[in-house]
>>> print(open('data-v9.txt').read())   # compact mmCIF, N, CA and C atoms
# COMPACT_ATOMS: atom_id res chain seq x y z
N MET F 812 10.91 3.12 -2.58
CA MET F 812 9.86 3.94 -1.97
C MET F 812 9.68 5.23 -2.76
N GLU F 813 10.74 5.69 -3.42
CA GLU F 813 10.62 6.92 -4.22
C GLU F 813 9.55 6.78 -5.30
N ILE F 814 9.47 5.64 -5.92
CA ILE F 814 8.47 5.43 -6.97
C ILE F 814 7.07 5.37 -6.36
N ALA F 815 6.94 4.77 -5.20
CA ALA F 815 5.64 4.76 -4.50
C ALA F 815 5.23 6.19 -4.14
N LEU F 816 6.19 7.00 -3.71
CA LEU F 816 5.89 8.41 -3.41
C LEU F 816 5.47 9.16 -4.67
N ALA F 817 6.09 8.86 -5.80
CA ALA F 817 5.68 9.48 -7.07
C ALA F 817 4.25 9.08 -7.41
N GLU F 818 3.88 7.83 -7.17
CA GLU F 818 2.50 7.38 -7.39
C GLU F 818 1.54 8.10 -6.45
N ALA F 819 1.98 8.34 -5.21
CA ALA F 819 1.14 9.05 -4.24
C ALA F 819 0.93 10.50 -4.69
N ARG F 820 2.00 11.15 -5.17
CA ARG F 820 1.86 12.52 -5.66
C ARG F 820 0.92 12.57 -6.86
N ALA F 821 1.01 11.59 -7.74
CA ALA F 821 0.12 11.53 -8.90
C ALA F 821 -1.33 11.34 -8.45
N ALA F 822 -1.54 10.53 -7.44
CA ALA F 822 -2.90 10.33 -6.89
C ALA F 822 -3.43 11.66 -6.35
N ALA F 823 -2.61 12.39 -5.62
CA ALA F 823 -3.02 13.69 -5.07
C ALA F 823 -3.40 14.64 -6.19
N SER F 824 -2.66 14.62 -7.28
CA SER F 824 -2.96 15.52 -8.39
C SER F 824 -4.29 15.18 -9.05
N ARG F 825 -4.76 13.95 -8.87
CA ARG F 825 -6.08 13.54 -9.39
C ARG F 825 -7.18 13.76 -8.36
N GLY F 826 -6.81 14.31 -7.18
CA GLY F 826 -7.80 14.53 -6.13
C GLY F 826 -8.03 13.32 -5.25
N GLU F 827 -7.17 12.33 -5.38
CA GLU F 827 -7.27 11.11 -4.57
C GLU F 827 -6.40 11.25 -3.33
N VAL F 828 -6.72 10.51 -2.28
CA VAL F 828 -5.85 10.48 -1.09
C VAL F 828 -4.48 9.99 -1.58
N PRO F 829 -3.42 10.74 -1.26
CA PRO F 829 -2.10 10.43 -1.81
C PRO F 829 -1.42 9.21 -1.20
N VAL F 830 -1.76 8.07 -1.75
CA VAL F 830 -1.11 6.82 -1.36
C VAL F 830 -0.65 6.14 -2.64
N GLY F 831 0.58 5.67 -2.62
CA GLY F 831 1.14 4.97 -3.77
C GLY F 831 1.74 3.65 -3.34
N ALA F 832 1.77 2.71 -4.29
CA ALA F 832 2.29 1.37 -4.01
C ALA F 832 3.09 0.86 -5.21
N VAL F 833 4.12 0.08 -4.92
CA VAL F 833 4.95 -0.53 -5.95
C VAL F 833 5.23 -1.96 -5.52
N ILE F 834 5.17 -2.88 -6.48
CA ILE F 834 5.52 -4.28 -6.20
C ILE F 834 6.73 -4.65 -7.04
N LEU F 835 7.73 -5.21 -6.35
CA LEU F 835 8.95 -5.64 -7.01
C LEU F 835 9.14 -7.14 -6.84
N ARG F 836 9.76 -7.73 -7.84
CA ARG F 836 10.16 -9.14 -7.77
C ARG F 836 11.53 -9.24 -8.41
N ALA F 837 12.45 -9.82 -7.72
CA ALA F 837 13.83 -9.96 -8.20
C ALA F 837 14.40 -8.61 -8.62
N GLY F 838 14.07 -7.57 -7.85
CA GLY F 838 14.60 -6.25 -8.11
C GLY F 838 13.94 -5.48 -9.24
N GLU F 839 12.94 -6.06 -9.89
CA GLU F 839 12.26 -5.40 -10.99
C GLU F 839 10.84 -5.02 -10.59
N ILE F 840 10.43 -3.84 -11.04
CA ILE F 840 9.06 -3.40 -10.78
C ILE F 840 8.12 -4.19 -11.67
N ILE F 841 7.13 -4.84 -11.04
CA ILE F 841 6.14 -5.56 -11.83
C ILE F 841 4.78 -4.88 -11.79
N ALA F 842 4.60 -3.95 -10.84
CA ALA F 842 3.34 -3.20 -10.78
C ALA F 842 3.53 -1.95 -9.94
N ARG F 843 2.76 -0.93 -10.27
CA ARG F 843 2.76 0.31 -9.50
C ARG F 843 1.39 0.93 -9.64
N ALA F 844 0.94 1.61 -8.58
CA ALA F 844 -0.40 2.20 -8.62
C ALA F 844 -0.53 3.25 -7.53
N GLY F 845 -1.50 4.12 -7.73
CA GLY F 845 -1.90 5.08 -6.73
C GLY F 845 -3.38 4.92 -6.47
N ASN F 846 -3.85 5.48 -5.38
CA ASN F 846 -5.27 5.39 -5.07
C ASN F 846 -6.12 5.88 -6.24
N ARG F 847 -7.26 5.23 -6.48
CA ARG F 847 -8.20 5.62 -7.53
C ARG F 847 -9.64 5.40 -7.09
N THR F 848 -9.90 5.52 -5.79
CA THR F 848 -11.25 5.24 -5.29
C THR F 848 -12.29 6.20 -5.85
N ARG F 849 -11.94 7.47 -5.92
CA ARG F 849 -12.89 8.47 -6.44
C ARG F 849 -13.05 8.33 -7.95
N GLU F 850 -11.94 8.21 -8.64
CA GLU F 850 -11.97 8.10 -10.10
C GLU F 850 -12.80 6.91 -10.56
N LEU F 851 -12.62 5.79 -9.89
CA LEU F 851 -13.31 4.55 -10.30
C LEU F 851 -14.62 4.32 -9.55
N ASN F 852 -14.96 5.22 -8.61
CA ASN F 852 -16.14 5.01 -7.76
C ASN F 852 -16.11 3.61 -7.16
N ASP F 853 -14.96 3.29 -6.59
CA ASP F 853 -14.71 1.94 -6.08
C ASP F 853 -13.97 2.04 -4.75
N PRO F 854 -14.65 1.75 -3.64
CA PRO F 854 -13.99 1.85 -2.34
C PRO F 854 -12.84 0.86 -2.15
N THR F 855 -12.72 -0.12 -3.01
CA THR F 855 -11.61 -1.08 -2.91
C THR F 855 -10.42 -0.68 -3.77
N ALA F 856 -10.49 0.43 -4.48
CA ALA F 856 -9.41 0.83 -5.40
C ALA F 856 -8.27 1.54 -4.66
N HIS F 857 -7.82 0.93 -3.58
CA HIS F 857 -6.65 1.43 -2.86
C HIS F 857 -5.41 1.08 -3.68
N ALA F 858 -4.35 1.85 -3.49
CA ALA F 858 -3.11 1.64 -4.24
C ALA F 858 -2.62 0.20 -4.12
N GLU F 859 -2.66 -0.35 -2.91
CA GLU F 859 -2.16 -1.71 -2.70
C GLU F 859 -2.97 -2.74 -3.50
N ILE F 860 -4.28 -2.60 -3.46
CA ILE F 860 -5.16 -3.55 -4.17
C ILE F 860 -4.91 -3.47 -5.66
N LEU F 861 -4.84 -2.24 -6.19
CA LEU F 861 -4.61 -2.07 -7.62
C LEU F 861 -3.25 -2.62 -8.03
N ALA F 862 -2.23 -2.41 -7.21
CA ALA F 862 -0.90 -2.93 -7.52
C ALA F 862 -0.88 -4.46 -7.46
N ILE F 863 -1.54 -5.03 -6.47
CA ILE F 863 -1.60 -6.50 -6.36
C ILE F 863 -2.32 -7.08 -7.58
N ARG F 864 -3.44 -6.48 -7.97
CA ARG F 864 -4.17 -6.96 -9.16
C ARG F 864 -3.28 -6.90 -10.40
N ALA F 865 -2.59 -5.77 -10.58
CA ALA F 865 -1.74 -5.60 -11.76
C ALA F 865 -0.57 -6.60 -11.75
N ALA F 866 0.02 -6.82 -10.58
CA ALA F 866 1.14 -7.77 -10.48
C ALA F 866 0.68 -9.19 -10.78
N CYS F 867 -0.44 -9.58 -10.22
CA CYS F 867 -0.96 -10.93 -10.49
C CYS F 867 -1.28 -11.09 -11.97
N ASN F 868 -1.84 -10.05 -12.55
CA ASN F 868 -2.15 -10.07 -13.98
C ASN F 868 -0.87 -10.19 -14.80
N ALA F 869 0.15 -9.39 -14.47
CA ALA F 869 1.40 -9.41 -15.21
C ALA F 869 2.10 -10.77 -15.13
N LEU F 870 1.98 -11.42 -13.98
CA LEU F 870 2.64 -12.71 -13.77
C LEU F 870 1.73 -13.89 -14.08
N ASP F 871 0.47 -13.62 -14.39
CA ASP F 871 -0.53 -14.66 -14.64
C ASP F 871 -0.54 -15.66 -13.48
N ALA F 872 -0.63 -15.09 -12.26
CA ALA F 872 -0.60 -15.91 -11.05
C ALA F 872 -1.46 -15.27 -9.97
N GLU F 873 -2.01 -16.08 -9.09
CA GLU F 873 -2.79 -15.53 -7.98
C GLU F 873 -1.96 -15.29 -6.73
N ARG F 874 -0.73 -15.74 -6.72
CA ARG F 874 0.15 -15.58 -5.58
C ARG F 874 1.40 -14.80 -5.99
N LEU F 875 1.92 -14.03 -5.05
CA LEU F 875 3.11 -13.21 -5.28
C LEU F 875 4.16 -13.57 -4.23
N ASN F 876 4.43 -14.87 -4.10
CA ASN F 876 5.29 -15.39 -3.04
C ASN F 876 6.65 -14.72 -2.92
N ASP F 877 7.25 -14.38 -4.01
CA ASP F 877 8.60 -13.82 -3.96
C ASP F 877 8.62 -12.34 -4.31
N ALA F 878 7.52 -11.67 -4.03
CA ALA F 878 7.41 -10.24 -4.33
C ALA F 878 7.39 -9.40 -3.06
N ASP F 879 7.82 -8.16 -3.21
CA ASP F 879 7.85 -7.21 -2.11
C ASP F 879 6.97 -6.02 -2.47
N LEU F 880 6.22 -5.52 -1.48
CA LEU F 880 5.33 -4.39 -1.67
C LEU F 880 5.85 -3.19 -0.90
N TYR F 881 5.97 -2.06 -1.58
CA TYR F 881 6.33 -0.79 -0.98
C TYR F 881 5.10 0.11 -1.07
N VAL F 882 4.69 0.67 0.05
CA VAL F 882 3.50 1.53 0.07
C VAL F 882 3.76 2.71 1.00
N THR F 883 3.18 3.86 0.64
CA THR F 883 3.48 5.09 1.36
C THR F 883 2.73 5.24 2.67
N LEU F 884 1.72 4.44 2.90
CA LEU F 884 0.93 4.52 4.14
C LEU F 884 0.66 3.11 4.65
N GLU F 885 0.65 2.96 5.94
CA GLU F 885 0.33 1.67 6.56
C GLU F 885 -0.97 1.13 5.96
N PRO F 886 -0.96 -0.09 5.44
CA PRO F 886 -2.18 -0.65 4.84
C PRO F 886 -3.33 -0.79 5.84
N CYS F 887 -4.53 -0.59 5.34
CA CYS F 887 -5.74 -0.80 6.14
C CYS F 887 -5.98 -2.31 6.26
N ALA F 888 -7.00 -2.68 6.99
CA ALA F 888 -7.30 -4.10 7.19
C ALA F 888 -7.63 -4.80 5.88
N MET F 889 -8.37 -4.12 4.99
CA MET F 889 -8.71 -4.72 3.69
C MET F 889 -7.44 -5.03 2.90
N CYS F 890 -6.55 -4.06 2.84
CA CYS F 890 -5.32 -4.24 2.08
C CYS F 890 -4.41 -5.27 2.74
N ALA F 891 -4.37 -5.29 4.07
CA ALA F 891 -3.58 -6.29 4.77
C ALA F 891 -4.09 -7.70 4.43
N GLY F 892 -5.41 -7.85 4.35
CA GLY F 892 -5.98 -9.13 3.96
C GLY F 892 -5.54 -9.53 2.56
N ALA F 893 -5.58 -8.58 1.63
CA ALA F 893 -5.15 -8.87 0.26
C ALA F 893 -3.67 -9.22 0.20
N ILE F 894 -2.86 -8.52 0.98
CA ILE F 894 -1.43 -8.80 1.05
C ILE F 894 -1.20 -10.23 1.54
N SER F 895 -1.95 -10.63 2.54
CA SER F 895 -1.83 -11.98 3.08
C SER F 895 -2.27 -13.03 2.05
N PHE F 896 -3.42 -12.80 1.43
CA PHE F 896 -3.93 -13.76 0.44
C PHE F 896 -3.02 -13.87 -0.78
N ALA F 897 -2.35 -12.76 -1.14
CA ALA F 897 -1.43 -12.77 -2.28
C ALA F 897 -0.08 -13.38 -1.90
N ARG F 898 0.13 -13.60 -0.62
CA ARG F 898 1.37 -14.18 -0.11
C ARG F 898 2.59 -13.30 -0.41
N ILE F 899 2.40 -11.98 -0.29
CA ILE F 899 3.50 -11.04 -0.47
C ILE F 899 4.60 -11.39 0.53
N ARG F 900 5.84 -11.40 0.08
CA ARG F 900 6.96 -11.81 0.93
C ARG F 900 7.31 -10.76 1.97
N ARG F 901 7.46 -9.49 1.51
CA ARG F 901 7.85 -8.41 2.42
C ARG F 901 6.98 -7.19 2.17
N LEU F 902 6.62 -6.53 3.26
CA LEU F 902 5.86 -5.29 3.20
C LEU F 902 6.73 -4.17 3.77
N TYR F 903 6.93 -3.13 2.98
CA TYR F 903 7.65 -1.94 3.41
C TYR F 903 6.65 -0.79 3.36
N PHE F 904 6.47 -0.07 4.46
CA PHE F 904 5.60 1.09 4.38
C PHE F 904 6.22 2.29 5.05
N ALA F 905 5.76 3.47 4.61
CA ALA F 905 6.34 4.73 5.05
C ALA F 905 5.66 5.22 6.33
N ALA F 906 4.54 5.91 6.17
CA ALA F 906 3.86 6.53 7.31
C ALA F 906 2.93 5.55 8.02
N SER F 907 2.88 5.67 9.33
CA SER F 907 1.92 4.90 10.12
C SER F 907 0.55 5.54 10.00
N ASP F 908 -0.49 4.74 10.24
CA ASP F 908 -1.86 5.25 10.18
C ASP F 908 -2.61 4.82 11.45
N PRO F 909 -2.48 5.61 12.53
CA PRO F 909 -3.13 5.24 13.78
C PRO F 909 -4.66 5.13 13.68
N LYS F 910 -5.28 5.87 12.77
CA LYS F 910 -6.74 5.82 12.63
C LYS F 910 -7.23 4.66 11.77
N GLY F 911 -6.57 4.42 10.65
CA GLY F 911 -7.09 3.43 9.70
C GLY F 911 -6.17 2.27 9.40
N GLY F 912 -4.99 2.25 10.00
CA GLY F 912 -4.04 1.19 9.72
C GLY F 912 -4.49 -0.16 10.25
N GLY F 913 -4.08 -1.20 9.58
CA GLY F 913 -4.44 -2.55 9.99
C GLY F 913 -3.25 -3.45 10.21
N VAL F 914 -2.05 -2.86 10.25
CA VAL F 914 -0.83 -3.64 10.41
C VAL F 914 -0.24 -3.43 11.80
N ARG F 915 0.16 -2.21 12.10
CA ARG F 915 0.70 -1.87 13.42
C ARG F 915 -0.37 -1.27 14.32
N HIS F 916 -1.49 -0.87 13.74
CA HIS F 916 -2.59 -0.26 14.48
C HIS F 916 -3.87 -1.04 14.22
N GLY F 917 -4.94 -0.61 14.86
CA GLY F 917 -6.24 -1.24 14.63
C GLY F 917 -6.23 -2.73 14.91
N GLY F 918 -6.77 -3.48 13.98
CA GLY F 918 -6.91 -4.93 14.16
C GLY F 918 -5.62 -5.72 14.04
N ARG F 919 -4.55 -5.10 13.61
CA ARG F 919 -3.26 -5.78 13.46
C ARG F 919 -3.43 -7.14 12.79
N PHE F 920 -3.89 -7.06 11.56
CA PHE F 920 -4.29 -8.23 10.78
C PHE F 920 -3.30 -9.39 10.84
N PHE F 921 -2.03 -9.09 10.66
CA PHE F 921 -1.03 -10.16 10.57
C PHE F 921 -0.75 -10.84 11.90
N SER F 922 -1.22 -10.25 13.00
CA SER F 922 -1.02 -10.83 14.33
C SER F 922 -2.17 -11.73 14.75
N GLN F 923 -3.20 -11.80 13.95
CA GLN F 923 -4.39 -12.59 14.30
C GLN F 923 -4.16 -14.08 14.05
N PRO F 924 -4.70 -14.93 14.90
CA PRO F 924 -4.52 -16.37 14.70
C PRO F 924 -5.17 -16.88 13.40
N THR F 925 -6.10 -16.14 12.85
CA THR F 925 -6.76 -16.54 11.61
C THR F 925 -5.97 -16.13 10.37
N CYS F 926 -4.88 -15.41 10.54
CA CYS F 926 -4.05 -14.98 9.40
C CYS F 926 -3.17 -16.16 8.98
N HIS F 927 -3.30 -16.56 7.73
CA HIS F 927 -2.55 -17.72 7.23
C HIS F 927 -1.16 -17.38 6.72
N HIS F 928 -0.95 -16.11 6.36
CA HIS F 928 0.37 -15.69 5.88
C HIS F 928 0.63 -14.26 6.33
N ALA F 929 1.77 -14.05 6.94
CA ALA F 929 2.18 -12.70 7.34
C ALA F 929 3.52 -12.39 6.67
N PRO F 930 3.60 -11.25 6.00
CA PRO F 930 4.88 -10.89 5.38
C PRO F 930 5.85 -10.38 6.43
N GLU F 931 7.12 -10.31 6.06
CA GLU F 931 8.07 -9.57 6.88
C GLU F 931 7.64 -8.11 6.76
N ILE F 932 7.72 -7.34 7.84
CA ILE F 932 7.24 -5.96 7.83
C ILE F 932 8.37 -5.02 8.22
N TYR F 933 8.53 -3.98 7.39
CA TYR F 933 9.51 -2.92 7.64
C TYR F 933 8.78 -1.60 7.50
N ASP F 934 8.77 -0.80 8.55
CA ASP F 934 8.02 0.46 8.51
C ASP F 934 8.92 1.66 8.76
N GLY F 935 8.39 2.83 8.50
CA GLY F 935 9.10 4.07 8.75
C GLY F 935 10.03 4.52 7.63
N ILE F 936 9.98 3.87 6.47
CA ILE F 936 10.85 4.22 5.35
C ILE F 936 10.28 5.48 4.68
N ASN F 937 11.05 6.55 4.62
CA ASN F 937 10.60 7.84 4.07
C ASN F 937 9.33 8.32 4.77
N GLU F 938 9.23 8.01 6.04
CA GLU F 938 8.01 8.32 6.80
C GLU F 938 7.65 9.80 6.78
N SER F 939 8.62 10.66 7.02
CA SER F 939 8.30 12.09 7.12
C SER F 939 7.80 12.64 5.79
N GLU F 940 8.39 12.22 4.69
CA GLU F 940 7.93 12.70 3.38
C GLU F 940 6.51 12.23 3.08
N ALA F 941 6.23 10.98 3.35
CA ALA F 941 4.89 10.44 3.11
C ALA F 941 3.86 11.11 4.02
N ALA F 942 4.22 11.29 5.28
CA ALA F 942 3.30 11.93 6.23
C ALA F 942 3.03 13.37 5.83
N GLN F 943 4.06 14.08 5.39
CA GLN F 943 3.88 15.47 4.96
C GLN F 943 2.97 15.56 3.73
N LEU F 944 3.11 14.65 2.82
CA LEU F 944 2.25 14.62 1.63
C LEU F 944 0.79 14.46 2.04
N LEU F 945 0.53 13.56 2.96
CA LEU F 945 -0.84 13.34 3.44
C LEU F 945 -1.35 14.55 4.21
N THR F 946 -0.53 15.10 5.10
CA THR F 946 -0.94 16.25 5.90
C THR F 946 -1.28 17.44 5.01
N SER F 947 -0.43 17.71 4.03
CA SER F 947 -0.68 18.82 3.09
C SER F 947 -1.96 18.61 2.31
N PHE F 948 -2.18 17.39 1.84
CA PHE F 948 -3.37 17.07 1.06
C PHE F 948 -4.64 17.38 1.86
N PHE F 949 -4.68 16.90 3.11
CA PHE F 949 -5.89 17.11 3.91
C PHE F 949 -6.01 18.55 4.40
N ARG F 950 -4.92 19.22 4.65
CA ARG F 950 -4.95 20.63 5.06
C ARG F 950 -5.57 21.47 3.94
N GLU F 951 -5.19 21.23 2.70
CA GLU F 951 -5.74 21.95 1.55
C GLU F 951 -7.25 21.74 1.43
N ARG F 952 -7.70 20.55 1.76
CA ARG F 952 -9.13 20.24 1.66
C ARG F 952 -9.94 20.95 2.74
N ARG F 953 -9.31 21.20 3.91
CA ARG F 953 -10.01 21.85 5.02
C ARG F 953 -10.05 23.36 4.86
N ASP F 954 -9.05 23.94 4.20
CA ASP F 954 -8.97 25.41 4.07
C ASP F 954 -9.95 25.96 3.07
>>> encode(input="data-v9.txt", output="structure tokens")
Amino acid sequence: MEIALAEARAAASRGEVPVGAVILRAGEIIARAGNRTRELNDPTAHAEILAIRAACNALDAERLNDADLYVTLEPCAMCAGAISFARIRRLYFAASDPKGGGVRHGGRFFSQPTCHHAPEIYDGINESEAAQLLTSFFRERRD
């Protein structure tokens, strides 16, 4: 999660919402990314999506069956869908997102009968650090 937090801090330094993601397989990092929606003018350029794309590219595969995703914020519904389609084995996330989350909040994507694959989910890892990073980022924007 420390590397995902570093990606989130890097995203914040670029003026992006500070969310970072890392994908590991067999204990090795195969992809890492931070949000780039503003930089790329792409509403789908969330950290999770970019990391999934990079991991699939690195492995030359459309599925990440034996991979684990670490992300600093609860994934939204779009990212939860991508996680399911990529067949990510385990999802670890830091801060909950009551407004935009799609895992423990909102539509709870993985709990829907139409979800074909749900990863094991572990939340609250480094939650306070990730939440503080987000709170500080948005506080600076309001002041």
>>> residues_around(input="data-v9.txt", residues="F:Ile899", least_positions_apart="3", cutoff="5 Å", atoms="all atoms listed in the file", output="NGL selection string")
:F and (875 or 878 or 894 or 930)
>>> select_by_dssp(input="data-v9.txt", residues="stretch 886-934 of chain F", states="strand (DSSP E or B)", output="list of chain:residue names")
F:Arg901, F:Leu902, F:Tyr903, F:Phe904, F:Ala905, F:Ala906, F:Glu931, F:Ile932, F:Tyr933, F:Asp934
>>> atom_distance(input="data-v9.txt", atom1="atom CA of F:Gly918", atom2="atom CA of F:Arg849")
25.3 Å
>>> residues_near_point(input="data-v9.txt", point="(-3.0, -15.1, -6.9)", cutoff="6 Å", atoms="only N, CA and C atoms", output="compact mmCIF listing (two decimals) with N, CA and C atoms, in the frame of the given file")
# COMPACT_ATOMS: atom_id res chain seq x y z
N CYS F 867 -0.44 -9.58 -10.22
CA CYS F 867 -0.96 -10.93 -10.49
C CYS F 867 -1.28 -11.09 -11.97
N ALA F 872 -0.63 -15.09 -12.26
CA ALA F 872 -0.60 -15.91 -11.05
C ALA F 872 -1.46 -15.27 -9.97
N GLU F 873 -2.01 -16.08 -9.09
CA GLU F 873 -2.79 -15.53 -7.98
C GLU F 873 -1.96 -15.29 -6.73
N ARG F 874 -0.73 -15.74 -6.72
CA ARG F 874 0.15 -15.58 -5.58
C ARG F 874 1.40 -14.80 -5.99
N LEU F 875 1.92 -14.03 -5.05
CA LEU F 875 3.11 -13.21 -5.28
C LEU F 875 4.16 -13.57 -4.23
N ALA F 897 -2.35 -12.76 -1.14
CA ALA F 897 -1.43 -12.77 -2.28
C ALA F 897 -0.08 -13.38 -1.90
>>> atom_distance(input="data-v9.txt", atom1="atom C of F:Phe904", atom2="atom N of F:Tyr933")
7.1 Å
>>> closest_atom_pairs(input="data-v9.txt", of="stretch 889-916 of chain F", to="stretch 940-945 of chain F", cutoff="8 Å", atoms="all atoms listed in the file", output="Markdown table")
| residue | atom | partner | partner_atom | distance |
| --- | --- | --- | --- | --- |
| F:Ala905 | C | F:Ala941 | CA | 6.2 |
| F:Ala906 | CA | F:Ala942 | N | 5.2 |
| F:Ser907 | N | F:Ala942 | CA | 7.0 |
>>> write_last_selection(input="data-v9.txt", atoms="N, CA and C atoms", output="PDB file, in the coordinates of the input")
ATOM      1  N   ALA F 905       5.760   3.470   4.610  1.00  0.00           N
ATOM      2  CA  ALA F 905       6.340   4.730   5.050  1.00  0.00           C
ATOM      3  C   ALA F 905       5.660   5.220   6.330  1.00  0.00           C
ATOM      4  N   ALA F 906       4.540   5.910   6.170  1.00  0.00           N
ATOM      5  CA  ALA F 906       3.860   6.530   7.310  1.00  0.00           C
ATOM      6  C   ALA F 906       2.930   5.550   8.020  1.00  0.00           C
ATOM      7  N   SER F 907       2.880   5.670   9.330  1.00  0.00           N
ATOM      8  CA  SER F 907       1.920   4.900  10.120  1.00  0.00           C
ATOM      9  C   SER F 907       0.550   5.540  10.000  1.00  0.00           C
TER      10      SER F 907
END
>>> atom_distance(input="data-v9.txt", atom1="atom N of F:Glu931", atom2="atom CA of F:Arg898")
9.3 Å
>>> closest_residue(input="data-v9.txt", among="F:Cys887, F:Val882, F:Ile932, F:Ile840", to="F:Thr855", atoms="only C-alpha atoms")
F:Cys887
>>> residues_around(input="data-v9.txt", residues="F:Val914", least_positions_apart="6", cutoff="6 Å", atoms="all atoms listed in the file", output="PDB file with N, CA and C atoms, in the frame of the given file")
ATOM      1  N   GLU F 885       0.650   2.960   5.940  1.00  0.00           N
ATOM      2  CA  GLU F 885       0.330   1.670   6.560  1.00  0.00           C
ATOM      3  C   GLU F 885      -0.970   1.130   5.960  1.00  0.00           C
ATOM      4  N   PRO F 886      -0.960  -0.090   5.440  1.00  0.00           N
ATOM      5  CA  PRO F 886      -2.180  -0.650   4.840  1.00  0.00           C
ATOM      6  C   PRO F 886      -3.330  -0.790   5.840  1.00  0.00           C
ATOM      7  N   CYS F 887      -4.530  -0.590   5.340  1.00  0.00           N
ATOM      8  CA  CYS F 887      -5.740  -0.800   6.140  1.00  0.00           C
ATOM      9  C   CYS F 887      -5.980  -2.310   6.260  1.00  0.00           C
ATOM     10  N   ALA F 888      -7.000  -2.680   6.990  1.00  0.00           N
ATOM     11  CA  ALA F 888      -7.300  -4.100   7.190  1.00  0.00           C
ATOM     12  C   ALA F 888      -7.630  -4.800   5.880  1.00  0.00           C
ATOM     13  N   PHE F 920      -3.890  -7.060  11.560  1.00  0.00           N
ATOM     14  CA  PHE F 920      -4.290  -8.230  10.780  1.00  0.00           C
ATOM     15  C   PHE F 920      -3.300  -9.390  10.840  1.00  0.00           C
ATOM     16  N   PHE F 921      -2.030  -9.090  10.660  1.00  0.00           N
ATOM     17  CA  PHE F 921      -1.030 -10.160  10.570  1.00  0.00           C
ATOM     18  C   PHE F 921      -0.750 -10.840  11.900  1.00  0.00           C
TER      19      PHE F 921
END
>>> closest_residue(input="data-v9.txt", among="F:Phe896, F:Asp954, F:Val830, F:Ile863", to="F:Asp908", atoms="only C-alpha atoms")
F:Val830
>>> closest_residue(input="data-v9.txt", among="F:Glu839, F:Glu850, F:Glu951, F:Glu938", to="F:Arg825", atoms="all atoms listed in the file")
F:Glu850
>>> select_by_dssp(input="data-v9.txt", residues="chain F", states="alpha helix (DSSP H)", output="count of residues only")
55
